[in-house]
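Participant: Contents of model.cif (mmCIF, N, CA and C atoms):
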data_run
loop_
_atom_site.label_atom_id
_atom_site.label_comp_id
_atom_site.auth_asym_id
_atom_site.auth_seq_id
_atom_site.Cartn_x
_atom_site.Cartn_y
_atom_site.Cartn_z
N MET A 23 0.86 -1.17 0.00
CA MET A 23 0.00 0.00 0.00
C MET A 23 0.90 1.23 0.00
N SER A 24 0.61 2.16 -0.87
CA SER A 24 1.42 3.38 -0.93
C SER A 24 0.64 4.56 -0.36
N ILE A 25 1.37 5.48 0.16
CA ILE A 25 0.76 6.70 0.70
C ILE A 25 0.66 7.71 -0.43
N SER A 26 -0.53 8.25 -0.63
CA SER A 26 -0.70 9.22 -1.72
C SER A 26 -0.06 10.55 -1.34
N LYS A 27 0.58 11.15 -2.31
CA LYS A 27 1.20 12.45 -2.09
C LYS A 27 0.32 13.51 -2.71
N GLU A 28 -0.15 14.41 -1.88
CA GLU A 28 -0.99 15.48 -2.38
C GLU A 28 -0.14 16.54 -3.03
N LYS A 29 -0.63 17.08 -4.12
CA LYS A 29 0.08 18.16 -4.79
C LYS A 29 -0.16 19.45 -4.01
N VAL A 30 0.92 20.13 -3.70
CA VAL A 30 0.83 21.38 -2.96
C VAL A 30 1.10 22.53 -3.92
N ASP A 31 0.13 23.41 -4.07
CA ASP A 31 0.33 24.58 -4.92
C ASP A 31 1.10 25.63 -4.14
N VAL A 32 2.12 26.16 -4.77
CA VAL A 32 2.95 27.18 -4.15
C VAL A 32 2.50 28.54 -4.70
N ILE A 33 2.20 29.45 -3.80
CA ILE A 33 1.85 30.81 -4.20
C ILE A 33 3.15 31.61 -4.21
N PRO A 34 3.54 32.13 -5.37
CA PRO A 34 4.83 32.83 -5.43
C PRO A 34 4.84 34.08 -4.55
N ARG A 35 5.94 34.31 -3.89
CA ARG A 35 6.10 35.49 -3.05
C ARG A 35 6.52 36.69 -3.88
N LEU A 36 7.37 36.46 -4.89
CA LEU A 36 7.85 37.54 -5.74
C LEU A 36 7.08 37.54 -7.04
N LEU A 37 6.60 38.73 -7.43
CA LEU A 37 5.72 38.86 -8.58
C LEU A 37 6.33 39.72 -9.67
N SER A 38 6.02 39.37 -10.91
CA SER A 38 6.43 40.18 -12.06
C SER A 38 5.51 41.40 -12.17
N VAL A 39 5.84 42.31 -13.06
CA VAL A 39 5.01 43.49 -13.30
C VAL A 39 3.60 43.06 -13.70
N ALA A 40 3.51 42.08 -14.60
CA ALA A 40 2.20 41.60 -15.05
C ALA A 40 1.39 41.00 -13.90
N GLU A 41 2.05 40.26 -13.02
CA GLU A 41 1.36 39.65 -11.88
C GLU A 41 0.91 40.70 -10.87
N VAL A 42 1.72 41.74 -10.67
CA VAL A 42 1.32 42.82 -9.76
C VAL A 42 0.10 43.54 -10.33
N ALA A 43 0.13 43.83 -11.61
CA ALA A 43 -1.01 44.49 -12.24
C ALA A 43 -2.28 43.66 -12.08
N LYS A 44 -2.16 42.36 -12.29
CA LYS A 44 -3.31 41.48 -12.13
C LYS A 44 -3.80 41.48 -10.68
N LEU A 45 -2.87 41.44 -9.73
CA LEU A 45 -3.23 41.48 -8.31
C LEU A 45 -3.99 42.76 -7.97
N LEU A 46 -3.59 43.86 -8.60
CA LEU A 46 -4.25 45.15 -8.37
C LEU A 46 -5.54 45.32 -9.17
N GLY A 47 -5.80 44.39 -10.07
CA GLY A 47 -7.00 44.48 -10.90
C GLY A 47 -6.87 45.53 -12.00
N ARG A 48 -5.64 45.77 -12.44
CA ARG A 48 -5.36 46.76 -13.47
C ARG A 48 -4.58 46.12 -14.60
N SER A 49 -4.47 46.84 -15.71
CA SER A 49 -3.69 46.33 -16.83
C SER A 49 -2.20 46.57 -16.56
N GLU A 50 -1.38 45.82 -17.26
CA GLU A 50 0.06 46.01 -17.12
C GLU A 50 0.46 47.41 -17.59
N GLY A 51 -0.17 47.90 -18.65
CA GLY A 51 0.10 49.25 -19.15
C GLY A 51 -0.24 50.32 -18.12
N TRP A 52 -1.39 50.14 -17.44
CA TRP A 52 -1.77 51.11 -16.41
C TRP A 52 -0.74 51.11 -15.29
N PHE A 53 -0.33 49.92 -14.86
CA PHE A 53 0.63 49.85 -13.77
C PHE A 53 1.96 50.50 -14.16
N ARG A 54 2.43 50.21 -15.37
CA ARG A 54 3.69 50.82 -15.81
C ARG A 54 3.58 52.34 -15.87
N ALA A 55 2.43 52.83 -16.33
CA ALA A 55 2.23 54.29 -16.46
C ALA A 55 2.11 54.97 -15.10
N ASN A 56 1.65 54.26 -14.09
CA ASN A 56 1.38 54.85 -12.78
C ASN A 56 2.35 54.41 -11.68
N ARG A 57 3.34 53.60 -12.03
CA ARG A 57 4.26 53.04 -11.03
C ARG A 57 4.99 54.11 -10.24
N VAL A 58 5.52 55.13 -10.91
CA VAL A 58 6.28 56.17 -10.21
C VAL A 58 5.36 56.94 -9.24
N ARG A 59 4.15 57.24 -9.68
CA ARG A 59 3.19 57.93 -8.80
C ARG A 59 2.85 57.06 -7.60
N LEU A 60 2.64 55.77 -7.82
CA LEU A 60 2.34 54.86 -6.73
C LEU A 60 3.50 54.76 -5.74
N GLU A 61 4.73 54.71 -6.27
CA GLU A 61 5.90 54.65 -5.39
C GLU A 61 6.00 55.92 -4.54
N GLY A 62 5.57 57.06 -5.10
CA GLY A 62 5.55 58.29 -4.33
C GLY A 62 4.56 58.24 -3.17
N LEU A 63 3.57 57.37 -3.29
CA LEU A 63 2.58 57.18 -2.23
C LEU A 63 2.98 56.07 -1.26
N GLY A 64 4.14 55.44 -1.51
CA GLY A 64 4.61 54.39 -0.62
C GLY A 64 4.55 52.99 -1.20
N PHE A 65 4.15 52.86 -2.47
CA PHE A 65 4.11 51.54 -3.10
C PHE A 65 5.51 50.95 -3.12
N PRO A 66 5.64 49.65 -2.83
CA PRO A 66 6.98 49.05 -2.77
C PRO A 66 7.67 49.03 -4.13
N LYS A 67 8.99 49.16 -4.08
CA LYS A 67 9.80 49.06 -5.29
C LYS A 67 10.19 47.59 -5.48
N PRO A 68 10.61 47.23 -6.69
CA PRO A 68 11.04 45.84 -6.90
C PRO A 68 12.21 45.46 -6.00
N HIS A 69 12.31 44.20 -5.70
CA HIS A 69 13.40 43.68 -4.88
C HIS A 69 14.72 44.00 -5.57
N PRO A 70 15.72 44.51 -4.86
CA PRO A 70 16.96 44.93 -5.50
C PRO A 70 17.77 43.80 -6.13
N VAL A 71 17.60 42.58 -5.68
CA VAL A 71 18.36 41.46 -6.25
C VAL A 71 17.55 40.74 -7.33
N PHE A 72 16.29 40.47 -7.05
CA PHE A 72 15.48 39.66 -7.95
C PHE A 72 14.71 40.47 -8.99
N GLY A 73 14.56 41.77 -8.75
CA GLY A 73 13.85 42.61 -9.71
C GLY A 73 12.37 42.36 -9.78
N LYS A 74 11.82 41.70 -8.77
CA LYS A 74 10.38 41.44 -8.72
C LYS A 74 9.80 42.06 -7.46
N TYR A 75 8.48 42.15 -7.43
CA TYR A 75 7.78 42.77 -6.32
C TYR A 75 7.39 41.73 -5.27
N ASP A 76 7.56 42.09 -4.00
CA ASP A 76 7.17 41.22 -2.90
C ASP A 76 5.65 41.31 -2.74
N ARG A 77 4.98 40.18 -2.93
CA ARG A 77 3.51 40.14 -2.86
C ARG A 77 3.01 40.66 -1.52
N MET A 78 3.69 40.31 -0.43
CA MET A 78 3.25 40.74 0.89
C MET A 78 3.34 42.26 1.05
N ASP A 79 4.38 42.87 0.48
CA ASP A 79 4.50 44.33 0.54
C ASP A 79 3.41 45.01 -0.29
N VAL A 80 3.10 44.44 -1.45
CA VAL A 80 2.03 45.00 -2.30
C VAL A 80 0.70 44.91 -1.57
N GLU A 81 0.42 43.77 -0.98
CA GLU A 81 -0.84 43.60 -0.24
C GLU A 81 -0.90 44.54 0.96
N ARG A 82 0.24 44.73 1.66
CA ARG A 82 0.29 45.65 2.80
C ARG A 82 -0.03 47.08 2.33
N PHE A 83 0.53 47.48 1.18
CA PHE A 83 0.25 48.81 0.64
C PHE A 83 -1.24 48.98 0.38
N VAL A 84 -1.85 47.99 -0.23
CA VAL A 84 -3.30 48.08 -0.53
C VAL A 84 -4.09 48.17 0.77
N ASP A 85 -3.77 47.32 1.74
CA ASP A 85 -4.49 47.34 3.02
C ASP A 85 -4.34 48.68 3.73
N LEU A 86 -3.12 49.19 3.81
CA LEU A 86 -2.90 50.45 4.52
C LEU A 86 -3.49 51.63 3.78
N SER A 87 -3.42 51.62 2.45
CA SER A 87 -3.98 52.75 1.70
C SER A 87 -5.49 52.80 1.85
N LYS A 88 -6.14 51.65 2.01
CA LYS A 88 -7.59 51.63 2.25
C LYS A 88 -7.93 52.15 3.64
N SER A 89 -7.02 51.94 4.60
CA SER A 89 -7.29 52.32 5.99
C SER A 89 -7.11 53.81 6.24
N GLY A 90 -6.38 54.48 5.35
CA GLY A 90 -6.11 55.89 5.55
C GLY A 90 -4.86 56.15 6.36
N LEU A 91 -4.18 55.10 6.82
CA LEU A 91 -2.94 55.26 7.57
C LEU A 91 -1.79 55.56 6.61
N PRO A 92 -0.75 56.20 7.10
CA PRO A 92 0.42 56.45 6.26
C PRO A 92 1.00 55.12 5.77
N VAL A 93 1.39 55.08 4.51
CA VAL A 93 1.88 53.85 3.91
C VAL A 93 3.40 53.91 3.81
N GLN A 94 4.06 52.84 4.23
CA GLN A 94 5.50 52.68 4.05
C GLN A 94 5.70 51.32 3.41
N SER A 95 6.61 51.24 2.43
CA SER A 95 6.81 49.97 1.76
C SER A 95 7.43 48.94 2.70
N LYS A 96 8.26 49.36 3.62
CA LYS A 96 8.85 48.46 4.61
C LYS A 96 8.57 49.04 5.99
N ARG A 97 7.96 48.27 6.86
CA ARG A 97 7.66 48.73 8.21
C ARG A 97 8.91 48.55 9.05
N SER A 98 9.61 49.65 9.35
CA SER A 98 10.86 49.55 10.10
C SER A 98 10.72 50.10 11.51
N ARG A 99 9.51 50.43 11.90
CA ARG A 99 9.32 51.01 13.22
C ARG A 99 7.96 50.57 13.76
N ALA A 100 7.81 50.73 15.06
CA ALA A 100 6.50 50.48 15.67
C ALA A 100 5.59 51.66 15.32
N PRO A 101 4.28 51.47 15.39
CA PRO A 101 3.38 52.59 15.12
C PRO A 101 3.70 53.78 16.01
N SER A 102 3.69 54.96 15.43
CA SER A 102 3.99 56.17 16.21
C SER A 102 2.74 56.64 16.93
N GLY A 103 2.91 57.63 17.76
CA GLY A 103 1.77 58.21 18.47
C GLY A 103 0.73 58.74 17.51
N GLY A 104 1.18 59.26 16.38
CA GLY A 104 0.25 59.76 15.37
C GLY A 104 -0.61 58.65 14.81
N ASP A 105 0.00 57.49 14.54
CA ASP A 105 -0.76 56.35 14.04
C ASP A 105 -1.80 55.91 15.07
N GLU A 106 -1.39 55.86 16.32
CA GLU A 106 -2.31 55.45 17.37
C GLU A 106 -3.47 56.44 17.49
N ALA A 107 -3.18 57.73 17.36
CA ALA A 107 -4.23 58.74 17.44
C ALA A 107 -5.25 58.56 16.32
N ILE A 108 -4.76 58.26 15.13
CA ILE A 108 -5.67 58.03 14.00
C ILE A 108 -6.56 56.83 14.29
N LEU A 109 -5.97 55.74 14.77
CA LEU A 109 -6.75 54.54 15.07
C LEU A 109 -7.77 54.79 16.17
N LEU A 110 -7.38 55.52 17.22
CA LEU A 110 -8.31 55.82 18.30
C LEU A 110 -9.48 56.68 17.81
N GLU A 111 -9.19 57.65 16.97
CA GLU A 111 -10.24 58.51 16.42
C GLU A 111 -11.23 57.69 15.59
N ARG A 112 -10.71 56.78 14.80
CA ARG A 112 -11.59 55.93 14.00
C ARG A 112 -12.42 55.01 14.88
N ALA A 113 -11.82 54.49 15.94
CA ALA A 113 -12.56 53.61 16.86
C ALA A 113 -13.71 54.37 17.51
N LYS A 114 -13.48 55.64 17.85
CA LYS A 114 -14.55 56.46 18.44
C LYS A 114 -15.70 56.63 17.48
N GLN A 115 -15.40 56.78 16.19
CA GLN A 115 -16.45 56.94 15.18
C GLN A 115 -17.27 55.68 15.03
N TRP A 116 -16.63 54.50 15.16
CA TRP A 116 -17.34 53.24 15.03
C TRP A 116 -18.29 53.00 16.20
N SER A 117 -17.87 53.45 17.39
CA SER A 117 -18.70 53.18 18.57
C SER A 117 -19.83 54.18 18.75
N ALA A 118 -19.81 55.25 17.96
CA ALA A 118 -20.84 56.29 18.09
C ALA A 118 -22.13 55.88 17.45
#
Would you write out, as structure tokens, the structure that this file holds?
Facilitator:
Amino acid sequence: MSISKEKVDVIPRLLSVAEVAKLLGRSEGWFRANRVRLEGLGFPKPHPVFGKYDRMDVERFVDLSKSGLPVQSKRSRAPSGGDEAILLERAKQWSA
């Protein structure tokens, strides 16, 4: 009797320009045309060695940009007092 081996699908961590555009629900042309503007807003730049985008950083950018919090491509610090104030203000609005 043999043990069946299930196929495990691997979700790539590093994405090409076309894959990032698809993740964002936009065309590759739109992403290329707007990449510099997005980077100015905190969108992550491609990995310096692999030349591809980190899926987790792209998703973090989308999540944070929806929340209204300041966006940084790499989180290198704990939330500041300003971030906490924004979150507390929003919590007050939800409970009202």
Participant: Could you list, as number ranges by chain, every residue within 8 Å of A:Arg35, counting all atoms listed in the file and ignoring same-chain residues fewer than 4 positions away?
Facilitator: A: 74-79
Participant: Please report the interatomic distance between atom N of A:Asn56 and atom N of A:Lys88 in Å with one decimal.
Facilitator: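 Answer for the atom N of A:Asn56 to atom N of A:Lys88 separation: 18.1 Å.
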Participant: Report, in Å with one decimal, the straight-line distance from atom N of A:Val42 to atom C of A:Lys29.
Facilitator: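 Taking atom N of A:Val42 as the start and atom C of A:Lys29 as the end point, the length is 23.3 Å.
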Participant: Find the distance between atom CA of A:Gly64 and atom CA of A:Ile33 and write it in Å to one decimal.
Facilitator: 24.0 Å
Participant: I'd like to know which of A:Gly73, A:Phe65, A:Lys27, A:Val84 is closest to A:Val39, using all atoms listed in the file.
Facilitator: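 Checking each of A:Gly73, A:Phe65, A:Lys27, A:Val84 against A:Val39, counting all atoms listed in the file, the winner is A:Gly73.
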Participant: Between A:Val80, A:Leu36, A:Ala43, A:Phe72, which is the closest to A:Ala55 once you count only C-alpha atoms?
Facilitator: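 Using only C-alpha atoms, the shortest distance to A:Ala55 belongs to A:Ala43.
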Participant: Going by DSSP on the backbone, which bits of stretch 25-78 of chain A are strand (DSSP E or B)? Write them as a ChimeraX atom specification, please.
Facilitator: /A:36-37,75-76
